[in-house]
>>> print(open('entry19.cif').read())   # mmCIF, C-alpha atoms
data_data
#
loop_
_atom_site.label_atom_id
_atom_site.label_comp_id
_atom_site.auth_asym_id
_atom_site.auth_seq_id
_atom_site.Cartn_x
_atom_site.Cartn_y
_atom_site.Cartn_z
CA MET A 1 119.49 60.50 64.59
CA HIS A 2 117.51 62.42 67.13
CA GLY A 3 116.95 61.99 70.85
CA GLU A 4 115.17 64.11 73.44
CA TYR A 5 115.06 63.99 77.21
CA LYS A 6 113.11 66.29 79.50
CA ILE A 7 114.77 66.65 82.89
CA PRO A 8 111.97 66.20 85.46
CA GLY A 9 111.34 69.67 86.89
CA GLY A 10 113.99 71.07 84.54
CA LYS A 11 114.54 71.66 80.85
CA LEU A 12 114.60 69.76 77.57
CA ILE A 13 117.86 68.46 76.11
CA VAL A 14 117.90 67.49 72.43
CA VAL A 15 120.66 65.53 70.71
CA ASP A 16 121.11 65.14 66.97
CA LEU A 17 123.95 62.96 65.71
CA ASN A 18 125.07 60.53 63.05
CA ILE A 19 126.60 57.10 63.58
CA ILE A 20 129.51 56.64 61.18
CA ASP A 21 131.76 53.58 61.33
CA GLY A 22 130.48 52.76 64.79
CA THR A 23 131.23 56.18 66.27
CA LEU A 24 129.10 59.19 67.21
CA ARG A 25 129.56 62.04 64.69
CA ASN A 26 128.18 65.51 64.00
CA VAL A 27 126.88 65.77 67.57
CA VAL A 28 124.61 68.78 68.09
CA LEU A 29 123.06 69.63 71.46
CA SER A 30 120.09 71.95 71.82
CA GLY A 31 117.16 72.75 74.08
CA ASP A 32 115.47 75.33 76.27
CA PHE A 33 118.04 75.20 79.06
CA PHE A 34 120.42 77.89 80.32
CA LEU A 35 124.18 77.65 80.10
CA GLU A 36 127.00 79.97 81.13
CA PRO A 37 129.18 80.51 79.24
CA ALA A 38 127.41 79.77 75.95
CA GLU A 39 130.59 78.17 74.57
CA ALA A 40 130.03 75.26 76.97
CA LEU A 41 127.50 73.92 74.45
CA GLU A 42 130.39 73.17 72.06
CA TRP A 43 132.58 71.84 74.89
CA MET A 44 129.93 69.27 75.78
CA ALA A 45 129.29 68.28 72.17
CA ALA A 46 133.04 67.85 71.61
CA ALA A 47 133.20 65.52 74.62
CA ILE A 48 130.69 63.21 72.91
CA GLU A 49 131.99 63.54 69.33
CA GLY A 50 133.84 60.45 68.12
CA LEU A 51 132.88 58.16 71.00
CA PRO A 52 132.17 54.52 70.09
CA VAL A 53 128.45 53.90 69.73
CA ASN A 54 128.57 51.34 72.55
CA THR A 55 130.06 53.76 75.10
CA PRO A 56 128.25 53.27 78.43
CA VAL A 57 125.85 56.05 79.41
CA ASP A 58 127.79 56.59 82.66
CA THR A 59 130.95 57.24 80.67
CA ILE A 60 129.20 59.75 78.44
CA ALA A 61 127.85 61.55 81.51
CA THR A 62 131.30 61.67 83.08
CA ARG A 63 132.86 63.08 79.91
CA VAL A 64 130.14 65.74 79.66
CA ARG A 65 130.59 66.61 83.34
CA THR A 66 134.33 67.06 82.85
CA ALA A 67 133.85 69.15 79.71
CA ALA A 68 131.41 71.44 81.53
CA ALA A 69 133.42 71.62 84.75
CA HIS A 70 133.91 75.36 84.36
CA ALA A 71 130.39 76.05 83.14
CA GLU A 72 127.09 76.53 84.91
CA LEU A 73 124.27 74.28 83.69
CA ILE A 74 120.78 75.45 84.65
CA GLY A 75 117.90 73.08 84.01
CA ILE A 76 119.98 70.21 82.63
CA THR A 77 122.55 67.75 84.01
CA PRO A 78 125.38 65.73 82.43
CA GLU A 79 123.31 62.59 83.15
CA GLY A 80 120.39 64.13 81.25
CA VAL A 81 122.62 64.89 78.27
CA ALA A 82 123.86 61.29 78.32
CA GLU A 83 120.28 59.98 78.45
CA ALA A 84 119.36 62.07 75.39
CA VAL A 85 122.43 60.64 73.59
CA ARG A 86 121.31 57.12 74.52
CA ARG A 87 117.86 57.81 73.11
CA ALA A 88 119.30 59.22 69.89
CA ILE A 89 121.43 56.10 69.44
CA GLN A 90 118.44 53.88 70.05
CA GLY A 91 116.62 55.50 67.21
CA GLY A 92 115.02 58.55 68.66
CA THR A 93 112.39 59.50 71.14
CA PRO A 94 109.53 57.01 71.29
CA MET B 1 115.08 79.91 99.45
CA SER B 2 116.73 82.93 101.00
CA ILE B 3 116.51 86.20 99.16
CA PRO B 4 118.24 89.27 100.56
CA SER B 5 116.21 92.39 101.23
CA SER B 6 115.58 94.81 98.40
CA SER B 7 118.46 97.00 99.57
CA PRO B 8 120.92 95.93 96.82
CA TRP B 9 118.64 97.66 94.31
CA ARG B 10 118.87 100.91 96.23
CA ALA B 11 122.62 101.04 95.62
CA TYR B 12 121.99 102.19 92.04
CA ASP B 13 120.56 105.18 90.21
CA TRP B 14 118.14 103.18 88.06
CA GLN B 15 117.39 104.45 84.57
CA LEU B 16 114.14 103.92 82.66
CA ILE B 17 114.06 103.46 78.89
CA ARG B 18 110.75 103.51 77.07
CA SER B 19 110.82 103.89 73.32
CA GLU B 20 108.71 103.72 70.21
CA PRO B 21 107.96 100.27 68.82
CA ILE B 22 111.17 98.57 67.68
CA HIS B 23 111.63 95.68 65.27
CA PRO B 24 112.29 92.28 66.85
CA VAL B 25 115.83 91.86 65.52
CA MET B 26 116.75 95.32 66.82
CA HIS B 27 115.38 94.40 70.24
CA MET B 28 117.74 91.41 70.28
CA ALA B 29 120.66 93.66 69.40
CA LEU B 30 119.71 96.36 71.92
CA ASP B 31 119.75 93.79 74.71
CA GLU B 32 123.36 92.90 73.90
CA ALA B 33 124.42 96.52 73.27
CA LEU B 34 122.89 97.84 76.50
CA LEU B 35 124.27 94.92 78.51
CA GLU B 36 127.73 95.77 77.18
CA GLU B 37 127.23 99.45 78.04
CA VAL B 38 126.32 98.63 81.64
CA ALA B 39 129.19 96.13 81.84
CA ALA B 40 131.60 98.82 80.64
CA GLY B 41 130.23 101.34 83.13
CA ARG B 42 129.09 103.73 80.38
CA ARG B 43 125.43 103.29 81.29
CA LYS B 44 123.84 103.18 84.71
CA PRO B 45 121.73 100.14 85.61
CA THR B 46 118.61 100.29 83.50
CA LEU B 47 115.05 99.04 83.22
CA ARG B 48 113.89 98.93 79.60
CA ILE B 49 110.22 98.52 78.71
CA TRP B 50 109.82 97.07 75.23
CA GLU B 51 107.32 97.95 72.53
CA TRP B 52 107.24 95.54 69.58
CA ALA B 53 106.93 96.82 66.01
CA ALA B 54 106.07 93.39 64.57
CA SER B 55 105.00 89.90 65.50
CA ALA B 56 107.87 87.54 66.23
CA VAL B 57 109.02 84.18 67.38
CA VAL B 58 111.96 84.60 69.73
CA ILE B 59 113.90 81.38 70.20
CA GLY B 60 116.35 80.68 73.01
CA ARG B 61 120.12 80.86 72.51
CA PHE B 62 120.44 77.06 72.59
CA GLN B 63 117.35 76.02 70.69
CA SER B 64 117.30 74.34 67.31
CA LEU B 65 115.50 76.57 64.81
CA ARG B 66 113.78 73.75 62.93
CA ASN B 67 112.84 71.90 66.10
CA GLU B 68 111.04 74.94 67.48
CA VAL B 69 109.56 76.86 64.57
CA ASP B 70 107.32 76.01 61.63
CA LEU B 71 109.09 78.41 59.29
CA GLU B 72 106.42 78.16 56.58
CA SER B 73 103.71 79.18 59.02
CA ALA B 74 105.86 81.98 60.39
CA GLN B 75 106.40 83.31 56.88
CA ARG B 76 102.73 82.96 55.98
CA TYR B 77 101.72 85.09 58.96
CA GLN B 78 104.64 87.53 58.51
CA VAL B 79 106.09 86.60 61.86
CA GLN B 80 109.79 87.41 62.16
CA VAL B 81 111.96 84.69 63.67
CA VAL B 82 114.90 85.82 65.79
CA ARG B 83 117.36 84.21 68.20
CA ARG B 84 118.11 85.92 71.51
CA ILE B 85 121.29 85.80 73.62
CA THR B 86 119.67 84.11 76.60
CA GLY B 87 118.68 80.49 77.01
CA GLY B 88 115.16 79.28 77.64
CA GLY B 89 112.25 78.49 75.37
CA ALA B 90 110.60 79.90 72.27
CA MET B 91 108.04 82.66 72.63
CA PHE B 92 105.36 83.82 70.23
CA ILE B 93 105.03 87.60 70.35
CA GLU B 94 102.23 89.79 69.06
CA PRO B 95 102.78 93.49 69.73
CA GLY B 96 99.58 94.24 71.63
CA ASN B 97 99.54 90.92 73.45
CA THR B 98 102.87 91.06 75.22
CA ILE B 99 104.52 92.94 78.06
CA THR B 100 108.30 92.65 77.78
CA TYR B 101 111.07 94.29 79.79
CA SER B 102 114.80 93.99 80.39
CA ILE B 103 116.93 94.76 83.42
CA TYR B 104 120.64 95.48 82.86
CA ALA B 105 122.69 95.62 86.05
CA PRO B 106 126.08 94.90 87.56
CA VAL B 107 126.25 91.28 88.76
CA GLU B 108 126.75 92.64 92.26
CA LEU B 109 122.97 93.10 92.26
CA VAL B 110 122.59 89.32 92.50
CA ALA B 111 125.85 88.58 94.34
CA GLY B 112 125.81 85.40 96.37
CA MET B 113 122.60 84.12 94.83
CA SER B 114 122.24 80.97 92.80
CA MET B 115 120.96 81.50 89.26
CA VAL B 116 117.60 80.09 90.29
CA ASP B 117 117.28 82.46 93.27
CA SER B 118 118.38 85.44 91.19
CA TYR B 119 115.48 84.95 88.78
CA ALA B 120 112.91 85.36 91.55
CA PHE B 121 114.89 88.23 93.07
CA CYS B 122 114.94 90.22 89.82
CA ASP B 123 111.17 90.03 89.42
CA ARG B 124 109.99 90.59 92.97
CA TRP B 125 108.88 94.14 92.14
CA VAL B 126 106.78 92.74 89.28
CA LEU B 127 105.03 90.31 91.59
CA ASP B 128 104.34 93.26 93.92
CA ALA B 129 102.95 95.30 91.02
CA LEU B 130 100.71 92.43 89.95
CA ALA B 131 99.55 91.90 93.54
CA SER B 132 98.55 95.57 93.71
CA LEU B 133 96.32 94.87 90.70
CA GLY B 134 94.74 91.88 92.41
CA VAL B 135 96.79 89.21 90.63
CA GLU B 136 98.42 86.81 93.04
CA ALA B 137 101.46 85.64 91.11
CA TRP B 138 104.56 83.80 92.22
CA TYR B 139 107.79 82.36 90.88
CA GLN B 140 107.87 78.77 89.75
CA PRO B 141 111.54 77.84 89.43
CA ILE B 142 113.46 78.02 87.29
CA ASN B 143 112.05 80.91 85.33
CA ASP B 144 108.24 80.99 85.23
CA ILE B 145 105.94 83.66 86.62
CA THR B 146 102.70 81.89 87.35
CA SER B 147 99.40 82.14 89.19
CA ALA B 148 96.64 79.84 90.38
CA ALA B 149 94.80 80.52 87.12
CA GLY B 150 97.78 79.73 84.90
CA LYS B 151 101.18 80.78 83.67
CA ILE B 152 101.72 84.52 83.15
CA GLY B 153 105.24 84.80 81.82
CA GLY B 154 108.80 83.62 81.63
CA ALA B 155 112.23 85.08 82.37
CA ALA B 156 115.73 84.51 81.03
CA GLN B 157 119.16 85.69 82.14
CA THR B 158 122.68 85.84 80.93
CA ARG B 159 125.82 87.31 82.42
CA ARG B 160 128.91 88.76 80.83
CA ASN B 161 131.82 91.00 81.80
CA GLY B 162 130.40 91.59 85.24
CA ALA B 163 126.90 92.53 84.16
CA VAL B 164 123.62 90.64 84.19
CA LEU B 165 120.76 90.82 81.71
CA HIS B 166 117.39 89.69 83.02
CA HIS B 167 114.50 89.90 80.58
CA VAL B 168 110.90 88.82 80.87
CA THR B 169 107.93 88.40 78.59
CA MET B 170 104.45 88.25 80.09
CA ALA B 171 101.24 87.42 78.24
CA TYR B 172 98.78 90.27 78.21
CA ASP B 173 96.62 88.36 75.78
CA ILE B 174 97.24 85.30 73.66
CA ASP B 175 96.19 83.76 70.36
CA ASN B 176 96.71 80.12 71.25
CA ALA B 177 95.63 78.73 67.89
CA ARG B 178 98.06 80.94 65.98
CA MET B 179 100.86 80.15 68.42
CA LEU B 180 100.37 76.41 67.99
CA GLU B 181 100.51 76.81 64.20
CA ILE B 182 103.90 78.49 64.40
CA LEU B 183 105.68 76.85 67.33
CA ARG B 184 106.51 73.16 67.26
CA ILE B 185 105.93 71.59 70.63
CA GLY B 186 107.21 68.05 70.89
CA ARG B 187 105.87 65.24 72.98
CA GLU B 188 109.01 64.80 75.09
CA LYS B 189 108.73 68.39 76.29
CA LEU B 190 105.26 67.59 77.56
CA SER B 191 106.40 64.48 79.38
CA ASP B 192 106.80 65.62 82.98
CA LYS B 193 104.08 68.19 83.34
CA GLY B 194 101.56 67.43 80.67
CA ILE B 195 102.08 70.63 78.74
CA ALA B 196 105.01 72.52 77.27
CA SER B 197 106.36 75.88 78.28
CA ALA B 198 104.89 77.72 75.34
CA ALA B 199 101.55 75.97 75.64
CA LYS B 200 101.34 75.81 79.42
CA ARG B 201 97.91 76.80 80.45
CA VAL B 202 98.48 80.51 80.05
CA ASP B 203 96.10 82.86 81.79
CA PRO B 204 96.88 86.25 80.36
CA LEU B 205 96.87 89.46 82.36
CA ARG B 206 94.04 90.95 80.36
CA ARG B 207 91.64 88.32 81.65
CA GLN B 208 93.06 88.44 85.15
CA THR B 209 92.95 92.23 85.54
CA GLY B 210 90.43 93.53 83.01
CA LEU B 211 92.81 96.47 82.58
CA PRO B 212 94.34 97.95 79.43
CA ARG B 213 97.88 96.77 78.74
CA GLU B 214 99.19 100.30 79.23
CA ALA B 215 97.70 100.49 82.73
CA ILE B 216 99.56 97.36 83.80
CA ILE B 217 102.84 98.73 82.42
CA GLU B 218 102.26 102.03 84.24
CA ARG B 219 101.66 100.19 87.51
CA MET B 220 104.87 98.18 86.99
CA ILE B 221 106.86 101.37 86.46
CA GLU B 222 105.25 103.04 89.48
CA THR B 223 106.11 100.03 91.62
CA PHE B 224 109.73 99.91 90.48
CA ARG B 225 110.05 103.65 91.03
CA ALA B 226 108.57 103.47 94.52
CA GLN B 227 110.75 100.56 95.60
CA TYR B 228 114.08 101.32 93.95
CA GLY B 229 113.90 104.78 92.38
CA LEU B 230 113.84 105.45 88.63
CA THR B 231 115.20 108.24 86.41
CA GLU B 232 113.99 108.88 82.86
CA SER B 233 116.56 107.87 80.25
CA ALA B 234 116.74 107.15 76.53
CA ILE B 235 118.74 105.03 74.13
CA THR B 236 121.68 107.23 73.10
CA PRO B 237 122.69 107.66 69.44
CA GLU B 238 125.88 105.70 70.19
CA GLU B 239 123.91 102.83 71.73
CA TRP B 240 121.55 102.84 68.77
CA LYS B 241 124.50 102.67 66.35
CA ALA B 242 126.09 99.85 68.33
CA ALA B 243 122.84 97.90 68.15
CA GLU B 244 122.52 98.54 64.39
CA ARG B 245 126.05 97.19 63.94
CA LEU B 246 125.06 94.09 65.92
CA VAL B 247 122.05 93.59 63.63
CA GLU B 248 124.38 93.68 60.61
CA THR B 249 127.10 91.46 62.05
CA LYS B 250 125.13 89.08 64.25
CA PHE B 251 121.44 89.17 64.98
CA GLY B 252 120.29 89.81 61.42
CA THR B 253 122.51 87.10 59.92
CA GLU B 254 121.51 83.60 58.88
CA ALA B 255 124.60 82.33 60.69
CA TRP B 256 123.21 83.54 64.03
CA LEU B 257 119.61 82.53 63.37
CA ARG B 258 120.77 79.07 62.28
CA ALA B 259 123.58 78.78 64.85
CA ILE B 260 121.76 75.61 65.83
CA PRO B 261 119.87 74.70 62.66
#
>>> encode(input="entry19.cif", output="C-alpha cells")
Amino acid sequence: MHGEYKIPGGKLIVVDLNIIDGTLRNVVLSGDFFLEPAEALEWMAAAIEGLPVNTPVDTIATRVRTAAAHAELIGITPEGVAEAVRRAIQGGTP
Amino acid sequence: MSIPSSSPWRAYDWQLIRSEPIHPVMHMALDEALLEEVAAGRRKPTLRIWEWAASAVVIGRFQSLRNEVDLESAQRYQVQVVRRITGGGAMFIEPGNTITYSIYAPVELVAGMSMVDSYAFCDRWVLDALASLGVEAWYQPINDITSAAGKIGGAAQTRRNGAVLHHVTMAYDIDNARMLEILRIGREKLSDKGIASAAKRVDPLRRQTGLPREAIIERMIETFRAQYGLTESAITPEEWKAAERLVETKFGTEAWLRAIP
C-alpha cells in the first residue's frame, strides 16, 4: 500500500507498506527531503514496522520523533511521516 | 534570517576544479571522493564546475527509483539514471542545458547556521554573479534558486566527518516535454504549490541572459574569485582512482541505484 503527503512549504514523504495479520510490515519511507545522517531513514521505518494497523496517528508520530531524536530532518516532520502512513493504510493517496 | 558576512570564506585557500566532460555515475562518485578528501584534510576547500558527458536523471538519496523515473523512457532516450548522496528531488540533465557545481568545505564554513540558512549562504556568490548579468535571483527556502520569471535551480547538501558538500544544478536551457516523459511527477507533490519541483515553472538562464552557457560559468568563476579567492586545481590521480573504486563498489551498482526501489 502506498501513501504520500506533501508537507506544506516543505518536502514530499512517501510510505509504502503491507498490512499482514493486522500489523504494518515492509515499511519503506522515501521522498525528496533531506536527512542527516542518512541511516535515520531506516531508524524511522523501524519505528513503524510491526505496529498494529489501528495505532493512532499521534502514537506513530511520537515513535518516529523518538527514533529520529539524534537526526536532523529537513523538509519533513514526524507528524508528516505519520500522516503519510495513515494515508497508506487508508488505501493510498486520493 | 541572519547570515554572517562573507569572511568565513576568506579563511580558506579555495581551489578550482574544471575538467573534461565526465559520465554521470563518475560525477556521483567524485562528489563523495572529494568530500572525503576535504574531510580528511588532504584537499583544500574546493569549487568544482561540472561538465556532463551524457544525459542523466539524478535522483535524491531518499527517493524511490520507480516513483520518480520512467525507466523505459530513460532507456529509450539513452538517459543514464543515477542516485546521488544528497537528499532532494530528481533532476533531468542534458549536457548543454545544465550548469552544475559542487562546493566541498570544512563544516566550519557554515558553523552556527541552520541547514536552511547554510543553503542560502553557500550560494550567495552565485546570486551576485547572476545579478551582475542582470538576473535578479534569490533563495526560496529550503533549496531553490528562483527569480520573478521562474525557478532557476536547486541545491542539495550533506555533511560527513566534519566536511560539507553543497552542490547545485541550474537550468541553462530545458526540454520540458522530454523531462516530463522521463520523470514521474505525482499529484500529491503538486498539492501545495500547484507544480512540482522538477516541473516548477522553470525560466532558464539562456532566456534570461541571452548569453552562451560558457559566459555564465566564466562570470560565476570570476565572481567567486573576486569575493573569496580561487587557485587552479585538478582532480589528482589518487582522487580519480578513489572515485573509480566508488563507481565499482557503490554508485555503479544496482544495490545503490535501487537502495529504495
>>> resolve_selection(input="entry19.cif", expression="the PyMOL selection byres ((chain A) within 7 of (chain B))", output="count of residues only")
11
>>> residues_around(input="entry19.cif", residues="range 18-26 of chain A", least_positions_apart="4", cutoff="9 Å", atoms="all atoms listed in the file", output="JSON, numbers by chain")
{"A": [1, 2, 45, 48, 49, 50, 51, 52, 53, 54, 89]}
>>> residues_around(input="entry19.cif", residues="Ala47 in chain A", least_positions_apart="3", cutoff="10 Å", atoms="all atoms listed in the file", output="PyMOL selection string")
chain A and resi 27+42-44+50-51+60-68
>>> write_last_selection(input="entry19.cif", atoms="C-alpha atoms", output="CSV table (one decimal), in the coordinates of the input")
chain,number,residue,atom,x,y,z
A,27,VAL,CA,126.9,65.8,67.6
A,42,GLU,CA,130.4,73.2,72.1
A,43,TRP,CA,132.6,71.8,74.9
A,44,MET,CA,129.9,69.3,75.8
A,50,GLY,CA,133.8,60.4,68.1
A,51,LEU,CA,132.9,58.2,71.0
A,60,ILE,CA,129.2,59.8,78.4
A,61,ALA,CA,127.8,61.6,81.5
A,62,THR,CA,131.3,61.7,83.1
A,63,ARG,CA,132.9,63.1,79.9
A,64,VAL,CA,130.1,65.7,79.7
A,65,ARG,CA,130.6,66.6,83.3
A,66,THR,CA,134.3,67.1,82.8
A,67,ALA,CA,133.8,69.2,79.7
A,68,ALA,CA,131.4,71.4,81.5
>>> resolve_selection(input="entry19.cif", expression="the PyMOL selection byres ((chain B and resi 206-212) around 9)", output="PyMOL selection string")
chain B and resi 97+130+133-135+149+171-173+203-205+213-216
>>> atom_distance(input="entry19.cif", atom1="CA of Ser233 in chain B", atom2="CA of Leu30 in chain B")
14.6 Å
>>> residues_around(input="entry19.cif", residues="Ile103 in chain B", least_positions_apart="2", cutoff="7 Å", atoms="all atoms listed in the file", output="list of chain:residue names")
B:Thr46, B:Leu47, B:Arg48, B:Tyr101, B:Ala105, B:Leu165, B:His166, B:His167
>>> write_last_selection(input="entry19.cif", atoms="C-alpha atoms", output="short mmCIF file (atom, residue, chain, number, x, y, z; two decimals), keeping the file's coordinate frame")
data_model
loop_
_atom_site.label_atom_id
_atom_site.label_comp_id
_atom_site.auth_asym_id
_atom_site.auth_seq_id
_atom_site.Cartn_x
_atom_site.Cartn_y
_atom_site.Cartn_z
CA THR B 46 118.61 100.29 83.50
CA LEU B 47 115.05 99.04 83.22
CA ARG B 48 113.89 98.93 79.60
CA TYR B 101 111.07 94.29 79.79
CA ALA B 105 122.69 95.62 86.05
CA LEU B 165 120.76 90.82 81.71
CA HIS B 166 117.39 89.69 83.02
CA HIS B 167 114.50 89.90 80.58
#
>>> atom_distance(input="entry19.cif", atom1="CA of Thr223 in chain B", atom2="CA of Trp14 in chain B")
12.9 Å
>>> resolve_selection(input="entry19.cif", expression="the PyMOL selection byres ((chain B and resi 25) around 9)", output="PyMOL selection string")
chain B and resi 22-24+26-30+80-84+247+251-252
>>> residues_around(input="entry19.cif", residues="Pro106 in chain B", least_positions_apart="2", cutoff="6 Å", atoms="only C-alpha atoms", output="VMD selection string")
chain B and resid 108 to 109 162 to 164
>>> atom_distance(input="entry19.cif", atom1="CA of Trp138 in chain B", atom2="CA of Arg225 in chain B")
20.6 Å
>>> closest_residue(input="entry19.cif", among="B:Arg245, B:Lys250, B:Arg219, B:Lys44", to="Ser132 in chain B", atoms="all atoms listed in the file")
B:Arg219
>>> axis_aligned_box(input="entry19.cif", around="range 62-73 of chain B", padding_each_side="6 Å", output="lines of an AutoDock Vina configuration file")
center_x = 112.1
center_y = 75.5
center_z = 64.6
size_x = 28.7
size_y = 19.3
size_z = 28.0
